[in-house]
file model_26.cif (mmCIF, C-alpha atoms)
data_structure
loop_
_atom_site.label_atom_id
_atom_site.label_comp_id
_atom_site.auth_asym_id
_atom_site.auth_seq_id
_atom_site.Cartn_x
_atom_site.Cartn_y
_atom_site.Cartn_z
CA MET A 1 0.00 0.00 0.00
CA ASN A 2 1.07 3.64 0.14
CA ASP A 3 3.17 3.29 3.30
CA GLY A 4 4.83 0.03 2.29
CA SER A 5 3.91 -1.68 5.56
CA ALA A 6 3.40 -5.43 5.69
CA VAL A 7 -0.17 -6.72 5.79
CA GLU A 8 -0.85 -9.64 8.08
CA CYS A 9 -4.66 -9.76 7.93
CA TRP A 10 -7.35 -9.09 5.37
CA LEU A 11 -11.03 -8.20 5.67
CA THR A 12 -13.17 -8.15 2.55
CA ASP A 13 -16.78 -7.48 1.70
CA MET A 14 -18.63 -10.22 -0.16
CA ASP A 15 -21.28 -8.82 -2.53
CA GLY A 16 -19.77 -6.66 -5.23
CA VAL A 17 -16.24 -7.77 -4.36
CA LEU A 18 -16.28 -11.58 -4.56
CA VAL A 19 -19.70 -12.21 -6.09
CA HIS A 20 -22.62 -10.67 -7.90
CA GLU A 21 -25.60 -12.54 -6.46
CA GLN A 22 -24.27 -16.15 -6.80
CA ARG A 23 -21.90 -15.48 -9.71
CA ALA A 24 -18.24 -15.30 -8.76
CA ILE A 25 -16.39 -12.20 -9.91
CA PRO A 26 -13.29 -13.17 -11.95
CA GLY A 27 -10.29 -13.43 -9.65
CA ALA A 28 -12.28 -14.00 -6.45
CA ALA A 29 -11.46 -17.70 -6.12
CA GLU A 30 -7.78 -16.99 -6.78
CA PHE A 31 -7.74 -14.26 -4.12
CA ILE A 32 -9.15 -16.58 -1.45
CA ALA A 33 -6.72 -19.30 -2.54
CA ALA A 34 -3.80 -16.86 -2.21
CA LEU A 35 -4.83 -15.92 1.33
CA GLN A 36 -4.95 -19.58 2.26
CA HIS A 37 -1.66 -20.38 0.50
CA TYR A 38 0.22 -17.67 2.37
CA GLU A 39 -1.64 -18.50 5.60
CA ARG A 40 -2.99 -14.98 6.02
CA ARG A 41 -5.66 -14.46 8.67
CA PHE A 42 -8.82 -13.17 7.00
CA LEU A 43 -12.59 -12.81 7.19
CA VAL A 44 -15.23 -12.21 4.55
CA LEU A 45 -17.80 -9.71 5.81
CA THR A 46 -21.35 -9.18 4.64
CA ASN A 47 -24.25 -7.01 5.75
CA ASN A 48 -26.58 -9.68 4.36
CA SER A 49 -28.36 -11.20 7.36
CA ILE A 50 -30.57 -13.61 5.40
CA PHE A 51 -28.21 -16.57 5.27
CA THR A 52 -26.21 -18.51 7.85
CA PRO A 53 -22.47 -18.92 7.23
CA ARG A 54 -23.16 -22.52 6.20
CA ASP A 55 -25.70 -21.33 3.61
CA LEU A 56 -23.28 -18.70 2.31
CA ARG A 57 -20.45 -21.22 2.04
CA ALA A 58 -22.67 -23.46 -0.11
CA ARG A 59 -23.70 -20.53 -2.32
CA LEU A 60 -20.09 -19.43 -2.79
CA LEU A 61 -18.92 -22.97 -3.50
CA ALA A 62 -21.54 -23.25 -6.24
CA GLY A 63 -19.85 -20.23 -7.83
CA GLY A 64 -16.39 -21.79 -7.56
CA ILE A 65 -15.19 -20.02 -4.38
CA ASP A 66 -14.08 -22.46 -1.68
CA LEU A 67 -14.48 -20.46 1.52
CA PRO A 68 -14.51 -22.12 4.96
CA GLU A 69 -17.63 -21.48 7.01
CA ASP A 70 -15.63 -19.98 9.88
CA LYS A 71 -14.20 -17.31 7.55
CA ILE A 72 -17.61 -15.67 7.08
CA TRP A 73 -18.78 -12.87 9.42
CA THR A 74 -22.30 -11.56 8.84
CA SER A 75 -24.17 -8.60 10.27
CA ALA A 76 -26.50 -11.16 11.87
CA LEU A 77 -23.60 -12.75 13.76
CA ALA A 78 -22.27 -9.35 14.81
CA THR A 79 -25.75 -8.30 15.97
CA ALA A 80 -26.24 -11.50 17.97
CA GLN A 81 -22.82 -11.13 19.59
CA PHE A 82 -23.52 -7.51 20.49
CA LEU A 83 -26.92 -8.29 22.01
CA GLY A 84 -25.55 -11.32 23.85
CA GLU A 85 -22.98 -9.04 25.51
CA GLN A 86 -25.48 -6.26 26.21
CA SER A 87 -28.31 -8.40 27.56
CA PRO A 88 -27.34 -12.04 28.21
CA GLY A 89 -30.38 -14.29 28.01
CA GLY A 90 -32.52 -11.45 26.69
CA SER A 91 -35.57 -11.59 24.46
CA ALA A 92 -36.36 -10.21 21.02
CA TYR A 93 -39.09 -9.91 18.45
CA VAL A 94 -37.28 -10.67 15.21
CA ILE A 95 -38.08 -9.74 11.63
CA GLY A 96 -35.64 -11.67 9.51
CA GLU A 97 -34.66 -15.04 8.13
CA ALA A 98 -32.56 -18.03 9.19
CA GLY A 99 -29.26 -16.16 9.27
CA LEU A 100 -30.56 -13.80 11.96
CA THR A 101 -32.88 -16.09 13.90
CA THR A 102 -30.22 -18.82 14.11
CA ALA A 103 -27.53 -16.37 15.27
CA LEU A 104 -29.79 -14.97 18.01
CA HIS A 105 -30.80 -18.47 19.12
CA ASN A 106 -27.14 -19.49 19.37
CA ALA A 107 -26.47 -16.35 21.43
CA GLY A 108 -29.04 -17.50 23.99
CA PHE A 109 -31.84 -15.11 23.05
CA VAL A 110 -35.51 -15.98 23.47
CA GLN A 111 -37.57 -14.95 20.46
CA THR A 112 -41.02 -13.79 21.47
CA GLU A 113 -43.85 -11.38 20.71
CA GLN A 114 -44.63 -10.88 24.42
CA ASP A 115 -42.89 -7.77 25.83
CA PRO A 116 -39.48 -8.41 24.25
CA ASP A 117 -36.40 -6.49 25.33
CA TYR A 118 -35.62 -5.71 21.69
CA VAL A 119 -37.15 -5.50 18.25
CA VAL A 120 -34.46 -6.80 15.89
CA LEU A 121 -34.85 -6.03 12.21
CA GLY A 122 -32.88 -7.89 9.56
CA GLU A 123 -33.13 -8.44 5.86
CA THR A 124 -35.80 -10.65 4.34
CA ARG A 125 -37.36 -11.03 0.92
CA THR A 126 -40.82 -11.46 2.47
CA TYR A 127 -41.46 -8.39 4.67
CA SER A 128 -45.02 -8.50 5.98
CA PHE A 129 -47.19 -5.52 6.88
CA GLU A 130 -48.44 -7.46 9.91
CA ALA A 131 -44.89 -8.06 11.21
CA ILE A 132 -43.89 -4.42 10.67
CA THR A 133 -47.04 -3.25 12.47
CA LYS A 134 -46.27 -5.53 15.40
CA ALA A 135 -42.70 -4.19 15.54
CA ILE A 136 -43.99 -0.60 15.61
CA ARG A 137 -46.36 -1.34 18.50
CA LEU A 138 -43.70 -3.18 20.52
CA ILE A 139 -41.28 -0.26 20.11
CA GLU A 140 -44.05 2.14 21.18
CA ARG A 141 -44.39 0.01 24.34
CA GLY A 142 -40.70 0.32 25.12
CA ALA A 143 -38.82 -2.37 23.21
CA ARG A 144 -35.39 -1.18 22.08
CA PHE A 145 -34.90 -1.01 18.31
CA ILE A 146 -31.93 -2.79 16.70
CA ALA A 147 -31.27 -3.30 12.98
CA THR A 148 -28.58 -5.44 11.42
CA ASN A 149 -27.48 -2.86 8.84
CA PRO A 150 -28.50 0.45 7.24
CA ASP A 151 -28.38 -0.63 3.57
CA ALA A 152 -31.43 0.89 1.88
CA THR A 153 -31.40 -1.47 -1.10
CA GLY A 154 -30.02 -4.83 -2.06
CA PRO A 155 -29.18 -6.32 -5.45
CA SER A 156 -31.19 -8.79 -7.49
CA GLN A 157 -31.13 -9.97 -11.08
CA ASP A 158 -34.11 -7.71 -11.83
CA GLY A 159 -32.75 -4.60 -10.09
CA SER A 160 -32.74 -3.11 -6.59
CA LEU A 161 -34.79 -4.54 -3.73
CA PRO A 162 -35.78 -2.67 -0.57
CA ALA A 163 -33.46 -3.78 2.23
CA THR A 164 -33.15 -3.37 5.99
CA GLY A 165 -32.50 0.37 5.96
CA SER A 166 -35.67 1.09 3.98
CA VAL A 167 -37.91 -0.88 6.33
CA ALA A 168 -36.14 0.62 9.35
CA ALA A 169 -36.95 4.08 7.98
CA LEU A 170 -40.63 3.13 7.79
CA ILE A 171 -40.61 1.98 11.43
CA THR A 172 -38.70 5.09 12.51
CA ARG A 173 -41.18 7.36 10.75
CA ALA A 174 -44.03 5.62 12.57
CA THR A 175 -42.42 5.55 16.03
CA GLY A 176 -39.96 8.44 16.07
CA ILE A 177 -37.30 5.95 17.26
CA ASP A 178 -34.09 5.39 15.32
CA PRO A 179 -32.56 1.91 15.37
CA TYR A 180 -29.03 1.12 16.47
CA TYR A 181 -27.36 -0.38 13.40
CA VAL A 182 -24.70 -2.99 14.18
CA GLY A 183 -23.46 -3.83 10.67
CA LYS A 184 -21.22 -1.76 8.40
CA PRO A 185 -20.41 1.11 8.51
CA ASN A 186 -20.56 0.79 12.31
CA PRO A 187 -16.93 0.27 13.44
CA LEU A 188 -18.39 -2.17 15.98
CA MET A 189 -18.70 -4.80 13.25
CA MET A 190 -15.14 -4.10 12.12
CA ARG A 191 -13.77 -4.39 15.65
CA SER A 192 -15.64 -7.64 16.23
CA ALA A 193 -14.16 -9.00 12.99
CA LEU A 194 -10.65 -7.90 13.97
CA ASN A 195 -11.04 -9.53 17.38
CA ARG A 196 -12.31 -12.73 15.80
CA ILE A 197 -9.05 -13.22 13.87
CA GLU A 198 -6.82 -11.55 16.48
CA ALA A 199 -5.84 -8.83 14.02
CA HIS A 200 -4.40 -5.37 14.60
CA SER A 201 -5.74 -2.39 12.66
CA GLU A 202 -2.29 -1.15 11.57
CA SER A 203 -1.52 -4.43 9.77
CA THR A 204 -4.98 -5.12 8.29
CA VAL A 205 -6.60 -4.08 5.01
CA MET A 206 -10.32 -3.77 4.27
CA ILE A 207 -11.55 -4.40 0.71
CA GLY A 208 -14.97 -3.20 -0.39
CA ASP A 209 -17.09 -1.94 -3.26
CA ARG A 210 -18.99 0.80 -1.40
CA MET A 211 -17.52 4.09 -0.22
CA ASP A 212 -20.42 4.70 2.20
CA THR A 213 -20.16 1.40 4.08
CA ASP A 214 -16.98 -0.59 3.40
CA VAL A 215 -14.44 2.19 2.95
CA ILE A 216 -15.70 4.48 5.70
CA ALA A 217 -15.99 1.52 8.10
CA GLY A 218 -12.38 0.59 7.37
CA ILE A 219 -11.14 4.16 7.79
CA GLU A 220 -12.99 4.65 11.07
CA ALA A 221 -11.54 1.38 12.38
CA GLY A 222 -8.02 2.55 11.48
CA LEU A 223 -7.49 0.19 8.54
CA ARG A 224 -6.01 0.77 5.13
CA THR A 225 -8.71 0.37 2.48
CA ILE A 226 -9.04 -0.86 -1.10
CA LEU A 227 -12.04 0.06 -3.24
CA VAL A 228 -12.88 -2.29 -6.12
CA LEU A 229 -14.95 -0.94 -9.00
CA THR A 230 -17.07 -4.06 -9.54
CA GLY A 231 -19.91 -3.08 -7.24
CA SER A 232 -21.88 -0.10 -6.00
CA THR A 233 -19.39 2.79 -6.22
CA SER A 234 -18.11 3.89 -9.63
CA GLU A 235 -14.83 5.70 -10.17
CA ALA A 236 -16.70 8.90 -11.03
CA GLN A 237 -18.50 8.84 -7.66
CA ILE A 238 -15.37 8.62 -5.48
CA GLY A 239 -14.74 12.36 -5.55
CA ARG A 240 -18.15 13.08 -4.02
CA PHE A 241 -17.02 11.70 -0.68
CA PRO A 242 -14.94 13.68 1.84
CA TYR A 243 -12.64 10.68 2.39
CA ARG A 244 -10.68 8.42 0.05
CA PRO A 245 -9.62 4.79 0.03
CA THR A 246 -5.92 3.98 0.25
CA ARG A 247 -6.08 2.41 -3.19
CA VAL A 248 -8.62 2.01 -6.01
CA VAL A 249 -8.45 -1.03 -8.33
CA ASP A 250 -10.64 -2.41 -11.08
CA SER A 251 -11.48 -5.70 -9.36
CA ILE A 252 -10.45 -8.31 -6.80
CA ALA A 253 -8.23 -9.85 -9.47
CA ASP A 254 -5.92 -6.84 -9.04
CA VAL A 255 -5.62 -7.45 -5.30
CA THR A 256 -4.35 -11.04 -5.44
CA ALA A 257 -0.77 -10.01 -6.25
CA LEU A 258 -0.77 -7.70 -3.22
CA VAL A 259 -1.22 -10.67 -0.89
CA ALA A 260 2.33 -11.78 -1.73
CA ASP A 261 3.76 -8.27 -2.22
CA LEU A 262 2.68 -7.11 1.25
CA LEU A 263 3.78 -10.15 3.23
CA PRO A 264 5.84 -9.64 6.38
CA ALA A 265 9.55 -9.92 5.52
CA GLU A 266 10.16 -13.21 7.31
CA THR A 267 7.21 -14.87 5.56
CA ALA A 268 8.31 -13.52 2.18
CA GLU A 269 11.76 -15.02 2.72
CA LEU A 270 10.31 -18.41 3.53
CA SER A 271 8.04 -18.23 0.48
CA ALA A 272 11.02 -17.42 -1.74
CA ASP A 273 12.89 -20.45 -0.40
#

call {"tool": "encode", "arguments": {"input": "model_26.cif", "output": "structure tokens"}}
result
Amino acid sequence: MNDGSAVECWLTDMDGVLVHEQRAIPGAAEFIAALQHYERRFLVLTNNSIFTPRDLRARLLAGGIDLPEDKIWTSALATAQFLGEQSPGGSAYVIGEAGLTTALHNAGFVQTEQDPDYVVLGETRTYSFEAITKAIRLIERGARFIATNPDATGPSQDGSLPATGSVAALITRATGIDPYYVGKPNPLMMRSALNRIEAHSESTVMIGDRMDTDVIAGIEAGLRTILVLTGSTSEAQIGRFPYRPTRVVDSIADVTALVADLLPAETAELSAD
């Protein structure tokens, strides 16, 4: 990168960096293979709370990317970890799918409609007016409002879909209560990812396709950042933001060589041998 420092750990976004829907972006499989070859500590991050890590591994494998389940960190997992630390054994009314409900169950949360401690909103492709109405009434009665991520839209083959941030805005408009978002760009998700792989910010790089979530989250967590131009942010849009990534590249294929180039000196020597 610009300062020439070695990189020991890598964090990367999933959608727009490694895949488009279930289609692998050229170079993604090679990038993951390079991280594994050089034994770099890494995590793949996603704000998508629909799927469990096991589901995501299967979807990635179908696209040719062999990613271990324990290398996937979702906003659902980060949310469940946060709530488990804030309110051990707490209760929640959950709007979401298996990725979120499973994570909260594993964190020891009771999922209920009866006076829950929290309303937890995640992404789903089947938002119901009845469920949203129930969430609004529970928040009006005092339940605390948590959302997995602020993304207003998500991708699909037919175009944008309303995502967690859009539904959260509807609930906020009705209740006057803003949610606490756990996923990117909240540095909380970045710190939880760093802790998970025992990484230090000064020797870790964050790769993403969005300036307003991935890059700003990396900067606020003290990481160097790489923006790839295969997703949400185009090159022409970069200048609109008051911050810049450390480096801009066309795609993840351009990052693979950096895995070897930015190795710590002792590792590079061993690799050369």

call {"tool": "resolve_selection", "arguments": {"input": "model_26.cif", "expression": "the PyMOL selection byres ((chain A and resi 194) around 10)", "output": "PyMOL selection string"}}
result
chain A and resi 9-11+41-43+188-193+195-201+204+221

call {"tool": "resolve_selection", "arguments": {"input": "model_26.cif", "expression": "the PyMOL selection byres ((chain A and resi 227) around 6)", "output": "compact mmCIF listing (two decimals) with C-alpha atoms, keeping the file's coordinate frame"}}
result
# COMPACT_ATOMS: atom_id res chain seq x y z
CA ILE A 207 -11.55 -4.40 0.71
CA GLY A 208 -14.97 -3.20 -0.39
CA ASP A 209 -17.09 -1.94 -3.26
CA ILE A 226 -9.04 -0.86 -1.10
CA VAL A 228 -12.88 -2.29 -6.12
CA VAL A 248 -8.62 2.01 -6.01

call {"tool": "resolve_selection", "arguments": {"input": "model_26.cif", "expression": "the PyMOL selection byres ((chain A and resi 163) around 6)", "output": "count of residues only"}}
result
8

call {"tool": "residues_around", "arguments": {"input": "model_26.cif", "residues": "A:Ala78", "least_positions_apart": "2", "cutoff": "9 Å", "atoms": "all atoms listed in the file", "output": "PyMOL selection string"}}
result
chain A and resi 73-76+80-83+103+148+182-183+188-189+192-193

call {"tool": "residues_around", "arguments": {"input": "model_26.cif", "residues": "A:Val94", "least_positions_apart": "3", "cutoff": "7 Å", "atoms": "only C-alpha atoms", "output": "list in words"}}
result
Gln111, Val119, Val120 and Leu121 of chain A

call {"tool": "closest_residue", "arguments": {"input": "model_26.cif", "among": "A:Gln237, A:Met14, A:Gly231, A:Leu45", "to": "A:Ser251", "atoms": "all atoms listed in the file"}}
result
A:Gly231

call {"tool": "residues_around", "arguments": {"input": "model_26.cif", "residues": "A:Ala29", "least_positions_apart": "3", "cutoff": "10 Å", "atoms": "all atoms listed in the file", "output": "PyMOL selection string"}}
result
chain A and resi 18-19+24-26+32-34+60-61+63-67+252-253+256

call {"tool": "build_atoms", "arguments": {"input": "model_26.cif", "residues": "stretch 199-218 of chain A", "atoms": "N, CA and C atoms", "output": "compact mmCIF listing (two decimals), in the coordinates of the input"}}
result
# COMPACT_ATOMS: atom_id res chain seq x y z
N ALA A 199 -6.55 -9.73 14.93
CA ALA A 199 -5.84 -8.83 14.02
C ALA A 199 -5.66 -7.45 14.65
N HIS A 200 -4.65 -6.74 14.18
CA HIS A 200 -4.40 -5.37 14.60
C HIS A 200 -4.72 -4.44 13.42
N SER A 201 -5.29 -3.29 13.72
CA SER A 201 -5.74 -2.39 12.66
C SER A 201 -4.59 -1.94 11.77
N GLU A 202 -3.40 -1.69 12.35
CA GLU A 202 -2.29 -1.15 11.57
C GLU A 202 -1.72 -2.15 10.56
N SER A 203 -2.04 -3.43 10.71
CA SER A 203 -1.52 -4.43 9.77
C SER A 203 -2.65 -5.17 9.04
N THR A 204 -3.82 -4.51 8.93
CA THR A 204 -4.98 -5.12 8.29
C THR A 204 -5.52 -4.20 7.20
N VAL A 205 -6.00 -4.81 6.13
CA VAL A 205 -6.60 -4.08 5.01
C VAL A 205 -8.06 -4.49 4.87
N MET A 206 -8.91 -3.52 4.57
CA MET A 206 -10.32 -3.77 4.27
C MET A 206 -10.58 -3.53 2.79
N ILE A 207 -11.20 -4.51 2.13
CA ILE A 207 -11.55 -4.40 0.71
C ILE A 207 -13.06 -4.28 0.59
N GLY A 208 -13.54 -3.34 -0.21
CA GLY A 208 -14.97 -3.20 -0.39
C GLY A 208 -15.32 -2.56 -1.72
N ASP A 209 -16.62 -2.53 -2.01
CA ASP A 209 -17.09 -1.94 -3.26
C ASP A 209 -17.93 -0.70 -3.02
N ARG A 210 -18.15 -0.35 -1.73
CA ARG A 210 -18.99 0.80 -1.40
C ARG A 210 -18.21 1.79 -0.56
N MET A 211 -18.18 3.04 -0.99
CA MET A 211 -17.52 4.09 -0.22
C MET A 211 -18.27 4.35 1.10
N ASP A 212 -19.62 4.28 1.06
CA ASP A 212 -20.42 4.70 2.20
C ASP A 212 -20.59 3.64 3.27
N THR A 213 -20.11 2.43 3.04
CA THR A 213 -20.16 1.40 4.08
C THR A 213 -18.77 0.79 4.28
N ASP A 214 -18.24 0.15 3.26
CA ASP A 214 -16.98 -0.59 3.40
C ASP A 214 -15.79 0.32 3.67
N VAL A 215 -15.62 1.34 2.84
CA VAL A 215 -14.44 2.19 2.95
C VAL A 215 -14.49 3.03 4.22
N ILE A 216 -15.63 3.65 4.49
CA ILE A 216 -15.70 4.48 5.70
C ILE A 216 -15.58 3.63 6.95
N ALA A 217 -16.12 2.41 6.94
CA ALA A 217 -15.99 1.52 8.10
C ALA A 217 -14.53 1.17 8.33
N GLY A 218 -13.80 0.90 7.25
CA GLY A 218 -12.38 0.59 7.37
C GLY A 218 -11.59 1.78 7.90
